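Next comes entry35.pdb, with PDB, C-alpha atoms.
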```
ATOM      1  CA  MET A 271       1.273  16.752  -1.403
ATOM      2  CA  THR A 272       0.676  20.185  -2.971
ATOM      3  CA  THR A 273      -0.124  22.315   0.088
ATOM      4  CA  GLY A 274      -0.173  22.071   3.881
ATOM      5  CA  SER A 275       2.093  22.896   6.763
ATOM      6  CA  ASP A 276       3.701  19.479   6.827
ATOM      7  CA  GLU A 277       5.065  19.773   3.332
ATOM      8  CA  PRO A 278       8.631  20.608   4.342
ATOM      9  CA  LYS A 279       8.651  17.646   6.711
ATOM     10  CA  ASN A 280       7.398  15.351   3.986
ATOM     11  CA  ARG A 281      10.074  16.632   1.683
ATOM     12  CA  TYR A 282      12.653  16.072   4.369
ATOM     13  CA  LEU A 283      11.429  12.530   4.975
ATOM     14  CA  GLN A 284      11.499  11.883   1.262
ATOM     15  CA  TYR A 285      15.004  13.207   1.144
ATOM     16  CA  LEU A 286      15.998  10.995   4.058
ATOM     17  CA  GLU A 287      14.491   8.000   2.355
ATOM     18  CA  ILE A 288      16.322   8.727  -0.861
ATOM     19  CA  VAL A 289      19.650   9.300   0.810
ATOM     20  CA  THR A 290      19.735   6.979   3.819
ATOM     21  CA  GLY A 291      17.108   4.358   2.859
ATOM     22  CA  PRO A 292      19.007   2.735   0.042
ATOM     23  CA  LEU A 293      22.266   3.072   1.972
ATOM     24  CA  GLU A 294      20.780   1.306   4.976
ATOM     25  CA  GLU A 295      19.442  -1.425   2.707
ATOM     26  CA  LYS A 296      22.716  -1.805   0.897
ATOM     27  CA  LYS A 297      24.403  -2.257   4.233
ATOM     28  CA  ARG A 298      21.866  -4.879   5.302
ATOM     29  CA  TYR A 299      22.253  -6.639   1.992
ATOM     30  CA  ARG A 300      26.037  -6.727   2.328
ATOM     31  CA  GLN A 301      25.701  -8.105   5.855
ATOM     32  CA  TYR A 302      23.314 -10.777   4.611
ATOM     33  CA  LYS A 303      25.709 -11.715   1.802
ATOM     34  CA  ALA A 304      28.563 -12.013   4.281
ATOM     35  CA  ARG A 305      26.486 -14.343   6.471
ATOM     36  CA  ILE A 306      25.720 -16.557   3.478
ATOM     37  CA  LYS A 307      29.388 -16.690   2.522
ATOM     38  CA  ARG A 308      30.257 -18.095   5.946
ATOM     39  CA  LEU A 309      27.861 -21.055   5.575
ATOM     40  CA  PRO A 310      29.164 -24.540   4.746
ATOM     41  CA  GLU A 311      29.299 -24.911   0.973
ATOM     42  CA  ASN A 312      26.189 -27.040   0.381
ATOM     43  CA  TYR A 313      24.041 -24.764   2.554
ATOM     44  CA  ARG A 314      25.404 -21.763   0.698
ATOM     45  CA  ILE A 315      24.549 -23.331  -2.664
ATOM     46  CA  ALA A 316      21.004 -23.976  -1.449
ATOM     47  CA  VAL A 317      20.534 -20.409  -0.196
ATOM     48  CA  GLU A 318      21.878 -18.946  -3.406
ATOM     49  CA  ALA A 319      19.431 -21.059  -5.411
ATOM     50  CA  LEU A 320      16.594 -19.816  -3.188
ATOM     51  CA  GLU A 321      17.811 -16.278  -3.557
ATOM     52  CA  ARG A 322      17.690 -16.544  -7.325
ATOM     53  CA  TYR A 323      14.105 -17.797  -7.209
ATOM     54  CA  LEU A 324      13.099 -15.068  -4.767
ATOM     55  CA  MET A 325      14.689 -12.373  -6.915
ATOM     56  CA  HIS A 326      12.383 -13.433  -9.742
ATOM     57  CA  PHE A 327       9.168 -14.149  -7.873
ATOM     58  CA  GLY A 328       9.533 -12.681  -4.410
ATOM     59  CA  PRO A 329       8.805  -9.238  -2.988
ATOM     60  CA  VAL A 330      10.844  -6.532  -4.632
ATOM     61  CA  ASP A 331      10.163  -3.758  -2.134
ATOM     62  CA  GLY A 332      13.315  -2.915  -0.214
ATOM     63  CA  SER A 333      12.797  -3.478   3.497
ATOM     64  CA  GLY A 334      10.277  -6.330   3.125
ATOM     65  CA  ALA A 335      12.702  -8.144   0.886
ATOM     66  CA  MET A 336      15.633  -7.573   3.255
ATOM     67  CA  GLU A 337      13.663  -8.961   6.176
ATOM     68  CA  MET A 338      12.939 -12.030   4.077
ATOM     69  CA  TYR A 339      16.588 -12.613   3.198
ATOM     70  CA  GLU A 340      17.615 -12.177   6.817
ATOM     71  CA  ASP A 341      15.019 -14.744   7.940
ATOM     72  CA  LEU A 342      16.429 -17.079   5.325
ATOM     73  CA  ALA A 343      19.949 -16.585   6.653
ATOM     74  CA  ASP A 344      18.649 -17.308  10.195
ATOM     75  CA  LEU A 345      17.139 -20.595   9.020
ATOM     76  CA  PHE A 346      20.258 -21.782   7.215
ATOM     77  CA  GLU A 347      22.714 -20.741   9.914
ATOM     78  CA  ARG A 348      20.641 -22.597  12.491
ATOM     79  CA  SER A 349      20.232 -25.638  10.221
ATOM     80  CA  ALA A 350      23.963 -25.768   9.539
ATOM     81  CA  ALA A 351      24.658 -25.599  13.284
ATOM     82  CA  ASP A 352      22.147 -28.406  13.941
ATOM     83  CA  ALA A 353      23.567 -30.365  10.959
ATOM     84  CA  THR A 354      20.066 -30.644   9.506
ATOM     85  CA  PRO A 355      20.412 -32.251   6.053
ATOM     86  CA  ILE A 356      19.411 -29.926   3.184
ATOM     87  CA  ARG A 357      16.625 -32.333   2.210
ATOM     88  CA  ASP A 358      15.170 -32.001   5.700
ATOM     89  CA  ILE A 359      14.994 -28.233   5.323
ATOM     90  CA  PHE A 360      13.152 -28.238   2.004
ATOM     91  CA  GLY A 361      11.269 -31.502   2.040
ATOM     92  CA  ASP A 362      10.493 -33.257  -1.241
ATOM     93  CA  ASP A 363       9.111 -30.140  -2.887
ATOM     94  CA  PRO A 364      11.389 -27.093  -2.756
ATOM     95  CA  ILE A 365       8.848 -25.027  -4.747
ATOM     96  CA  GLU A 366       6.165 -25.675  -2.157
ATOM     97  CA  PHE A 367       8.601 -24.568   0.535
ATOM     98  CA  VAL A 368       9.722 -21.360  -1.163
ATOM     99  CA  GLU A 369       6.179 -20.316  -2.119
ATOM    100  CA  THR A 370       4.900 -20.816   1.446
ATOM    101  CA  PHE A 371       7.941 -19.049   2.843
ATOM    102  CA  MET A 372       7.418 -16.114   0.458
ATOM    103  CA  SER A 373       3.775 -15.716   1.420
ATOM    104  CA  ASN A 374       4.896 -14.381   4.813
ATOM    105  CA  TYR A 375       6.141 -11.170   3.206
ATOM    106  CA  PRO A 376       4.407  -8.356   1.378
ATOM    107  CA  LEU A 377       3.868  -9.159  -2.268
ATOM    108  CA  GLY A 378       6.062  -7.510  -4.845
ATOM    109  CA  GLN A 379       4.360  -4.651  -6.650
ATOM    110  CA  TYR A 380       4.006  -6.605  -9.860
ATOM    111  CA  ARG A 381       2.278  -9.590  -8.271
ATOM    112  CA  ALA A 382       0.154  -7.372  -6.015
ATOM    113  CA  ARG A 383      -1.065  -5.331  -8.989
ATOM    114  CA  GLU A 384      -1.904  -8.399 -11.062
ATOM    115  CA  ARG A 385      -3.723 -10.065  -8.177
ATOM    116  CA  HIS A 386      -5.773  -6.947  -7.621
ATOM    117  CA  ARG A 387      -6.544  -6.722 -11.335
ATOM    118  CA  PHE A 388      -7.627 -10.359 -11.437
ATOM    119  CA  THR A 389      -9.832 -10.100  -8.315
ATOM    120  CA  SER A 390     -11.610  -6.991  -9.550
ATOM    121  CA  ALA A 391     -12.044  -8.483 -13.036
ATOM    122  CA  VAL A 392     -13.808 -11.468 -11.431
ATOM    123  CA  ASP A 393     -15.985  -9.075  -9.380
ATOM    124  CA  ARG A 394     -16.908  -7.194 -12.542
ATOM    125  CA  ALA A 395     -17.647 -10.430 -14.378
ATOM    126  CA  ILE A 396     -19.989 -11.498 -11.565
ATOM    127  CA  GLY A 397     -21.673  -8.103 -11.621
ATOM    128  CA  ALA A 398     -22.166  -8.383 -15.366
ATOM    129  CA  THR A 399     -23.710 -11.867 -15.220
ATOM    130  CA  PRO A 400     -27.490 -11.916 -15.685
ATOM    131  CA  PRO A 401     -29.128 -13.648 -12.653
ATOM    132  CA  GLN A 402     -30.755 -16.428 -14.728
ATOM    133  CA  ASP A 403     -27.343 -17.648 -15.883
ATOM    134  CA  ARG A 404     -26.241 -18.256 -12.331
ATOM    135  CA  THR A 405     -29.208 -20.366 -11.230
ATOM    136  CA  GLU A 406     -28.980 -22.811 -14.134
TER
ATOM    137  CA  MET B 196       1.643 -51.711   3.174
ATOM    138  CA  LYS B 197       0.835 -49.856   6.361
ATOM    139  CA  ARG B 198       3.782 -47.595   5.709
ATOM    140  CA  ALA B 199       2.554 -46.734   2.223
ATOM    141  CA  MET B 200      -0.815 -45.814   3.686
ATOM    142  CA  VAL B 201       0.552 -43.059   5.862
ATOM    143  CA  ASP B 202       3.451 -42.125   3.651
ATOM    144  CA  ASP B 203       2.190 -39.014   1.964
ATOM    145  CA  LEU B 204       0.286 -36.923   4.454
ATOM    146  CA  THR B 205       1.647 -33.581   3.297
ATOM    147  CA  GLU B 206      -1.508 -32.424   1.541
ATOM    148  CA  MET B 207      -3.808 -33.596   4.299
ATOM    149  CA  LEU B 208      -1.711 -32.059   7.058
ATOM    150  CA  LYS B 209      -1.332 -28.683   5.390
ATOM    151  CA  GLY B 210      -4.180 -26.935   7.153
ATOM    152  CA  THR B 211      -3.627 -28.574  10.514
ATOM    153  CA  LEU B 212       0.116 -28.198  11.052
ATOM    154  CA  GLU B 213      -0.221 -24.675  12.405
ATOM    155  CA  GLY B 214      -2.600 -25.997  15.063
ATOM    156  CA  CYS B 215      -0.166 -28.814  15.898
ATOM    157  CA  VAL B 216       2.685 -26.334  16.265
ATOM    158  CA  LEU B 217       0.544 -24.086  18.487
ATOM    159  CA  GLU B 218      -0.327 -27.080  20.661
ATOM    160  CA  ILE B 219       3.342 -28.044  21.055
ATOM    161  CA  ILE B 220       4.388 -24.487  21.901
ATOM    162  CA  GLY B 221       1.407 -24.231  24.234
ATOM    163  CA  SER B 222       2.587 -27.088  26.413
ATOM    164  CA  GLU B 223       6.104 -25.691  26.828
ATOM    165  CA  GLU B 224       8.385 -22.982  25.497
ATOM    166  CA  THR B 225      10.415 -24.561  22.705
ATOM    167  CA  TYR B 226      12.337 -24.005  19.443
ATOM    168  CA  GLY B 227      11.996 -24.952  15.766
ATOM    169  CA  TYR B 228      14.318 -27.937  15.670
ATOM    170  CA  ALA B 229      12.666 -29.524  18.713
ATOM    171  CA  ILE B 230       9.175 -28.920  17.289
ATOM    172  CA  THR B 231      10.125 -30.660  14.044
ATOM    173  CA  ARG B 232      11.565 -33.631  15.962
ATOM    174  CA  ARG B 233       8.438 -33.838  18.087
ATOM    175  CA  LEU B 234       6.188 -33.973  15.008
ATOM    176  CA  ASN B 235       8.457 -36.590  13.400
ATOM    177  CA  GLU B 236       8.322 -38.753  16.520
ATOM    178  CA  LEU B 237       4.557 -38.369  16.603
ATOM    179  CA  GLY B 238       4.475 -40.135  13.222
ATOM    180  CA  PHE B 239       4.602 -37.245  10.779
ATOM    181  CA  ALA B 240       7.898 -38.229   9.217
ATOM    182  CA  ASP B 241       7.528 -35.898   6.231
ATOM    183  CA  VAL B 242       7.311 -32.703   8.266
ATOM    184  CA  VAL B 243      10.576 -30.851   7.670
ATOM    185  CA  GLU B 244      12.494 -28.051   9.298
ATOM    186  CA  GLY B 245      11.652 -25.509   6.596
ATOM    187  CA  THR B 246       7.917 -26.073   6.932
ATOM    188  CA  VAL B 247       8.007 -25.610  10.688
ATOM    189  CA  TYR B 248      10.189 -22.513  10.319
ATOM    190  CA  THR B 249       7.701 -20.976   7.894
ATOM    191  CA  ILE B 250       4.850 -21.636  10.327
ATOM    192  CA  LEU B 251       6.833 -20.101  13.201
ATOM    193  CA  LEU B 252       7.549 -16.992  11.123
ATOM    194  CA  ARG B 253       3.847 -16.671  10.394
ATOM    195  CA  LEU B 254       2.883 -17.087  14.054
ATOM    196  CA  GLU B 255       5.429 -14.431  14.982
ATOM    197  CA  LYS B 256       4.238 -11.980  12.324
ATOM    198  CA  ASN B 257       0.624 -12.503  13.383
ATOM    199  CA  GLY B 258       1.532 -11.747  16.990
ATOM    200  CA  LEU B 259       0.515 -15.143  18.375
ATOM    201  CA  VAL B 260       3.801 -16.034  20.048
ATOM    202  CA  GLN B 261       6.376 -14.526  22.317
ATOM    203  CA  VAL B 262       9.904 -14.985  21.023
ATOM    204  CA  VAL B 263      13.073 -15.036  23.118
ATOM    205  CA  LYS B 264      16.571 -15.544  21.748
ATOM    206  CA  ARG B 265      18.763 -17.793  23.889
ATOM    207  CA  PRO B 266      22.433 -18.575  23.332
ATOM    208  CA  SER B 267      23.143 -22.032  21.951
ATOM    209  CA  GLU B 268      26.219 -24.225  22.496
ATOM    210  CA  VAL B 269      26.823 -24.342  18.752
ATOM    211  CA  GLY B 270      25.931 -21.731  16.172
ATOM    212  CA  PRO B 271      23.770 -18.608  16.446
ATOM    213  CA  PRO B 272      21.274 -18.076  19.294
ATOM    214  CA  ARG B 273      18.092 -20.124  19.156
ATOM    215  CA  LYS B 274      14.676 -18.530  19.032
ATOM    216  CA  PHE B 275      12.391 -19.942  21.720
ATOM    217  CA  TYR B 276       8.657 -19.625  21.245
ATOM    218  CA  ALA B 277       5.855 -19.409  23.814
ATOM    219  CA  LEU B 278       2.149 -18.712  23.317
ATOM    220  CA  ASN B 279       0.726 -15.340  24.270
ATOM    221  CA  ASP B 280      -2.990 -14.686  24.900
ATOM    222  CA  ALA B 281      -3.756 -14.239  21.197
ATOM    223  CA  GLY B 282      -1.959 -17.526  20.502
ATOM    224  CA  ARG B 283      -3.966 -19.349  23.161
ATOM    225  CA  ASP B 284      -7.179 -18.008  21.593
ATOM    226  CA  ARG B 285      -6.036 -19.191  18.192
ATOM    227  CA  LEU B 286      -5.253 -22.635  19.590
ATOM    228  CA  ALA B 287      -8.699 -22.911  21.199
ATOM    229  CA  THR B 288     -10.258 -21.929  17.852
ATOM    230  CA  PHE B 289      -8.143 -24.540  16.089
ATOM    231  CA  TRP B 290      -9.463 -27.326  18.329
ATOM    232  CA  LYS B 291     -13.051 -26.158  17.797
ATOM    233  CA  LYS B 292     -12.581 -26.190  14.036
ATOM    234  CA  TRP B 293     -10.857 -29.558  14.236
ATOM    235  CA  GLU B 294     -13.749 -31.031  16.180
ATOM    236  CA  TYR B 295     -16.233 -29.626  13.695
ATOM    237  CA  VAL B 296     -14.386 -30.922  10.622
ATOM    238  CA  THR B 297     -13.711 -34.391  12.046
ATOM    239  CA  SER B 298     -17.281 -34.803  13.295
ATOM    240  CA  ARG B 299     -18.687 -33.805   9.874
ATOM    241  CA  ILE B 300     -16.352 -36.122   7.979
ATOM    242  CA  GLU B 301     -17.057 -38.970  10.392
ATOM    243  CA  LYS B 302     -20.755 -38.422   9.784
ATOM    244  CA  LEU B 303     -20.183 -38.574   6.062
ATOM    245  CA  ARG B 304     -18.384 -41.869   6.414
ATOM    246  CA  GLU B 305     -21.225 -43.307   8.475
ATOM    247  CA  GLY B 306     -23.579 -42.336   5.674
ATOM    248  CA  GLY B 307     -25.464 -39.805   7.766
ATOM    249  CA  ARG B 308     -26.856 -36.517   6.571
TER
END
```

Would you mind writing the file out in structure tokens?
Amino acid sequence: MTTGSDEPKNRYLQYLEIVTGPLEEKKRYRQYKARIKRLPENYRIAVEALERYLMHFGPVDGSGAMEMYEDLADLFERSAADATPIRDIFGDDPIEFVETFMSNYPLGQYRARERHRFTSAVDRAIGATPPQDRTE
Amino acid sequence: MKRAMVDDLTEMLKGTLEGCVLEIIGSEETYGYAITRRLNELGFADVVEGTVYTILLRLEKNGLVQVVKRPSEVGPPRKFYALNDAGRDRLATFWKKWEYVTSRIEKLREGGR
């Protein structure tokens, strides 16, 4: 980042990201919210509950998160049109559903960092174990 | 009694549903709602729309299916799914794994080694 001929371009891209990125995402988010508002009430309540869960545990990175919310809107619009009962969307275990659904998107930074930390801690622990302990 | 026996298959089906969905898509281009109904009719009553949708999203992200949006009489357009070459490979691998797992478990039940 310090030298090189492509520095101005990088700066420009950074600038673009700062200025248009969040705007573009805000627009997508508003569109998503409008779609949710148009759903029949019980579907809307279900999506808003999901949204709350995803805000806490889901990906936080802008575009990955937006894609996820849009996929969610697709599912609920289609389910409302097919008159699929809410229970038949989630099954008996809504947590199971939301966790599996979430795993399709890049992890939020917090979860990604902690997973990496945990995996490498286990690797280090294995490396530190004397061989005789493992064969017992 | 028979009902209770096959009531809760969720855990057991978890790893095989993707293969089932691939097989259904492989025989004809179809959409989420129809895939769920098909699995329900097959005897997997607990398979729900959301589960199938999640699998379809995964197949799409992994580049195993071809997706076409078609207008629907009611509501937003439907996404129709068909297998591409990578999807057909994945399906063939699924059946190989299935054969391996079932043959091993069958052997275990027969008391073989």

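For the pair atom CA of Ala382 of chain A and atom CA of Met338 of chain A, the separation is 16.9 Å.
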
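The gap separating atom CA of Glu224 of chain B from atom CA of Val242 of chain B is 19.8 Å, in Å to one decimal.
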
Might you spell out which residues the PyMOL selection byres ((chain A and resi 339) around 12) would select in the displayed file, as a PyMOL selection string? chain A and resi 295+298-303+305-306+317-318+320-325+328-330+332-338+340-346+368+371-372+374-375

Residues of chain B within 9 Å of chain A, only C-alpha atoms counted, as a PyMOL selection string: chain B and resi 228+241-246+248-250+252-253+256+269-273

For the PyMOL selection byres ((chain B and resi 218) around 12), applied here, can you spell out every residue it catches as a PDB file with C-alpha atoms, in the coordinates of the input?
```pdb
ATOM      1  CA  THR B 211      -3.627 -28.574  10.514  1.00  0.00           C
ATOM      2  CA  LEU B 212       0.116 -28.198  11.052  1.00  0.00           C
ATOM      3  CA  GLU B 213      -0.221 -24.675  12.405  1.00  0.00           C
ATOM      4  CA  GLY B 214      -2.600 -25.997  15.063  1.00  0.00           C
ATOM      5  CA  CYS B 215      -0.166 -28.814  15.898  1.00  0.00           C
ATOM      6  CA  VAL B 216       2.685 -26.334  16.265  1.00  0.00           C
ATOM      7  CA  LEU B 217       0.544 -24.086  18.487  1.00  0.00           C
ATOM      8  CA  ILE B 219       3.342 -28.044  21.055  1.00  0.00           C
ATOM      9  CA  ILE B 220       4.388 -24.487  21.901  1.00  0.00           C
ATOM     10  CA  GLY B 221       1.407 -24.231  24.234  1.00  0.00           C
ATOM     11  CA  SER B 222       2.587 -27.088  26.413  1.00  0.00           C
ATOM     12  CA  GLU B 223       6.104 -25.691  26.828  1.00  0.00           C
ATOM     13  CA  GLU B 224       8.385 -22.982  25.497  1.00  0.00           C
ATOM     14  CA  THR B 225      10.415 -24.561  22.705  1.00  0.00           C
ATOM     15  CA  ILE B 230       9.175 -28.920  17.289  1.00  0.00           C
ATOM     16  CA  ARG B 233       8.438 -33.838  18.087  1.00  0.00           C
ATOM     17  CA  LEU B 234       6.188 -33.973  15.008  1.00  0.00           C
ATOM     18  CA  VAL B 260       3.801 -16.034  20.048  1.00  0.00           C
ATOM     19  CA  TYR B 276       8.657 -19.625  21.245  1.00  0.00           C
ATOM     20  CA  ALA B 277       5.855 -19.409  23.814  1.00  0.00           C
ATOM     21  CA  LEU B 278       2.149 -18.712  23.317  1.00  0.00           C
ATOM     22  CA  GLY B 282      -1.959 -17.526  20.502  1.00  0.00           C
ATOM     23  CA  ARG B 283      -3.966 -19.349  23.161  1.00  0.00           C
ATOM     24  CA  ASP B 284      -7.179 -18.008  21.593  1.00  0.00           C
ATOM     25  CA  ARG B 285      -6.036 -19.191  18.192  1.00  0.00           C
ATOM     26  CA  LEU B 286      -5.253 -22.635  19.590  1.00  0.00           C
ATOM     27  CA  ALA B 287      -8.699 -22.911  21.199  1.00  0.00           C
ATOM     28  CA  THR B 288     -10.258 -21.929  17.852  1.00  0.00           C
ATOM     29  CA  PHE B 289      -8.143 -24.540  16.089  1.00  0.00           C
ATOM     30  CA  TRP B 290      -9.463 -27.326  18.329  1.00  0.00           C
TER      31      TRP B 290
END
```

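Here atom CA of Ala281 of chain B is placed at a distance of 9.1 Å from atom CA of Asn257 of chain B.
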
Complete segment 270-300 of chain B at the level of N, CA and C atoms, written as a JSON list (two decimals), keeping the file's coordinate frame.
```
[["chain", "number", "residue", "atom", "x", "y", "z"],
["B", 270, "GLY", "N", 26.64, -22.58, 17.12],
["B", 270, "GLY", "CA", 25.93, -21.73, 16.17],
["B", 270, "GLY", "C", 25.25, -20.53, 16.80],
["B", 271, "PRO", "N", 24.43, -19.85, 15.98],
["B", 271, "PRO", "CA", 23.77, -18.61, 16.45],
["B", 271, "PRO", "C", 22.73, -18.90, 17.53],
["B", 272, "PRO", "N", 22.28, -17.86, 18.25],
["B", 272, "PRO", "CA", 21.27, -18.08, 19.29],
["B", 272, "PRO", "C", 20.02, -18.73, 18.73],
["B", 273, "ARG", "N", 19.35, -19.51, 19.57],
["B", 273, "ARG", "CA", 18.09, -20.12, 19.16],
["B", 273, "ARG", "C", 16.93, -19.23, 19.52],
["B", 274, "LYS", "N", 15.90, -19.24, 18.70],
["B", 274, "LYS", "CA", 14.68, -18.53, 19.03],
["B", 274, "LYS", "C", 13.74, -19.50, 19.74],
["B", 275, "PHE", "N", 13.36, -19.14, 20.96],
["B", 275, "PHE", "CA", 12.39, -19.94, 21.72],
["B", 275, "PHE", "C", 11.02, -19.29, 21.63],
["B", 276, "TYR", "N", 10.02, -20.13, 21.45],
["B", 276, "TYR", "CA", 8.66, -19.62, 21.24],
["B", 276, "TYR", "C", 7.74, -20.05, 22.39],
["B", 277, "ALA", "N", 6.90, -19.10, 22.83],
["B", 277, "ALA", "CA", 5.86, -19.41, 23.81],
["B", 277, "ALA", "C", 4.57, -18.74, 23.35],
["B", 278, "LEU", "N", 3.42, -19.31, 23.72],
["B", 278, "LEU", "CA", 2.15, -18.71, 23.32],
["B", 278, "LEU", "C", 1.85, -17.48, 24.15],
["B", 279, "ASN", "N", 1.29, -16.46, 23.51],
["B", 279, "ASN", "CA", 0.73, -15.34, 24.27],
["B", 279, "ASN", "C", -0.80, -15.52, 24.28],
["B", 280, "ASP", "N", -1.53, -14.53, 24.80],
["B", 280, "ASP", "CA", -2.99, -14.69, 24.90],
["B", 280, "ASP", "C", -3.64, -14.90, 23.53],
["B", 281, "ALA", "N", -3.19, -14.10, 22.55],
["B", 281, "ALA", "CA", -3.76, -14.24, 21.20],
["B", 281, "ALA", "C", -3.49, -15.64, 20.65],
["B", 282, "GLY", "N", -2.31, -16.18, 20.95],
["B", 282, "GLY", "CA", -1.96, -17.53, 20.50],
["B", 282, "GLY", "C", -2.83, -18.59, 21.16],
["B", 283, "ARG", "N", -3.10, -18.40, 22.46],
["B", 283, "ARG", "CA", -3.97, -19.35, 23.16],
["B", 283, "ARG", "C", -5.38, -19.33, 22.59],
["B", 284, "ASP", "N", -5.86, -18.11, 22.24],
["B", 284, "ASP", "CA", -7.18, -18.01, 21.59],
["B", 284, "ASP", "C", -7.19, -18.76, 20.27],
["B", 285, "ARG", "N", -6.12, -18.55, 19.50],
["B", 285, "ARG", "CA", -6.04, -19.19, 18.19],
["B", 285, "ARG", "C", -6.02, -20.71, 18.34],
["B", 286, "LEU", "N", -5.32, -21.19, 19.35],
["B", 286, "LEU", "CA", -5.25, -22.64, 19.59],
["B", 286, "LEU", "C", -6.63, -23.19, 19.95],
["B", 287, "ALA", "N", -7.35, -22.47, 20.82],
["B", 287, "ALA", "CA", -8.70, -22.91, 21.20],
["B", 287, "ALA", "C", -9.60, -22.96, 19.96],
["B", 288, "THR", "N", -9.47, -21.95, 19.09],
["B", 288, "THR", "CA", -10.26, -21.93, 17.85],
["B", 288, "THR", "C", -9.89, -23.10, 16.96],
["B", 289, "PHE", "N", -8.58, -23.40, 16.90],
["B", 289, "PHE", "CA", -8.14, -24.54, 16.09],
["B", 289, "PHE", "C", -8.83, -25.82, 16.54],
["B", 290, "TRP", "N", -8.86, -26.08, 17.84],
["B", 290, "TRP", "CA", -9.46, -27.33, 18.33],
["B", 290, "TRP", "C", -10.97, -27.37, 18.05],
["B", 291, "LYS", "N", -11.61, -26.21, 18.13],
["B", 291, "LYS", "CA", -13.05, -26.16, 17.80],
["B", 291, "LYS", "C", -13.27, -26.51, 16.33],
["B", 292, "LYS", "N", -12.45, -25.91, 15.47],
["B", 292, "LYS", "CA", -12.58, -26.19, 14.04],
["B", 292, "LYS", "C", -12.29, -27.65, 13.75],
["B", 293, "TRP", "N", -11.26, -28.17, 14.42],
["B", 293, "TRP", "CA", -10.86, -29.56, 14.24],
["B", 293, "TRP", "C", -12.01, -30.49, 14.59],
["B", 294, "GLU", "N", -12.64, -30.22, 15.72],
["B", 294, "GLU", "CA", -13.75, -31.03, 16.18],
["B", 294, "GLU", "C", -14.89, -31.00, 15.16],
["B", 295, "TYR", "N", -15.16, -29.79, 14.67],
["B", 295, "TYR", "CA", -16.23, -29.63, 13.70],
["B", 295, "TYR", "C", -15.94, -30.43, 12.43],
["B", 296, "VAL", "N", -14.75, -30.24, 11.87],
["B", 296, "VAL", "CA", -14.39, -30.92, 10.62],
["B", 296, "VAL", "C", -14.40, -32.44, 10.80],
["B", 297, "THR", "N", -13.78, -32.94, 11.87],
["B", 297, "THR", "CA", -13.71, -34.39, 12.05],
["B", 297, "THR", "C", -15.10, -34.97, 12.29],
["B", 298, "SER", "N", -15.95, -34.26, 13.04],
["B", 298, "SER", "CA", -17.28, -34.80, 13.30],
["B", 298, "SER", "C", -18.11, -34.84, 12.01],
["B", 299, "ARG", "N", -17.94, -33.81, 11.15],
["B", 299, "ARG", "CA", -18.69, -33.80, 9.87],
["B", 299, "ARG", "C", -18.21, -34.94, 8.97],
["B", 300, "ILE", "N", -16.89, -35.11, 8.88],
["B", 300, "ILE", "CA", -16.35, -36.12, 7.98],
["B", 300, "ILE", "C", -16.72, -37.53, 8.47]]
```
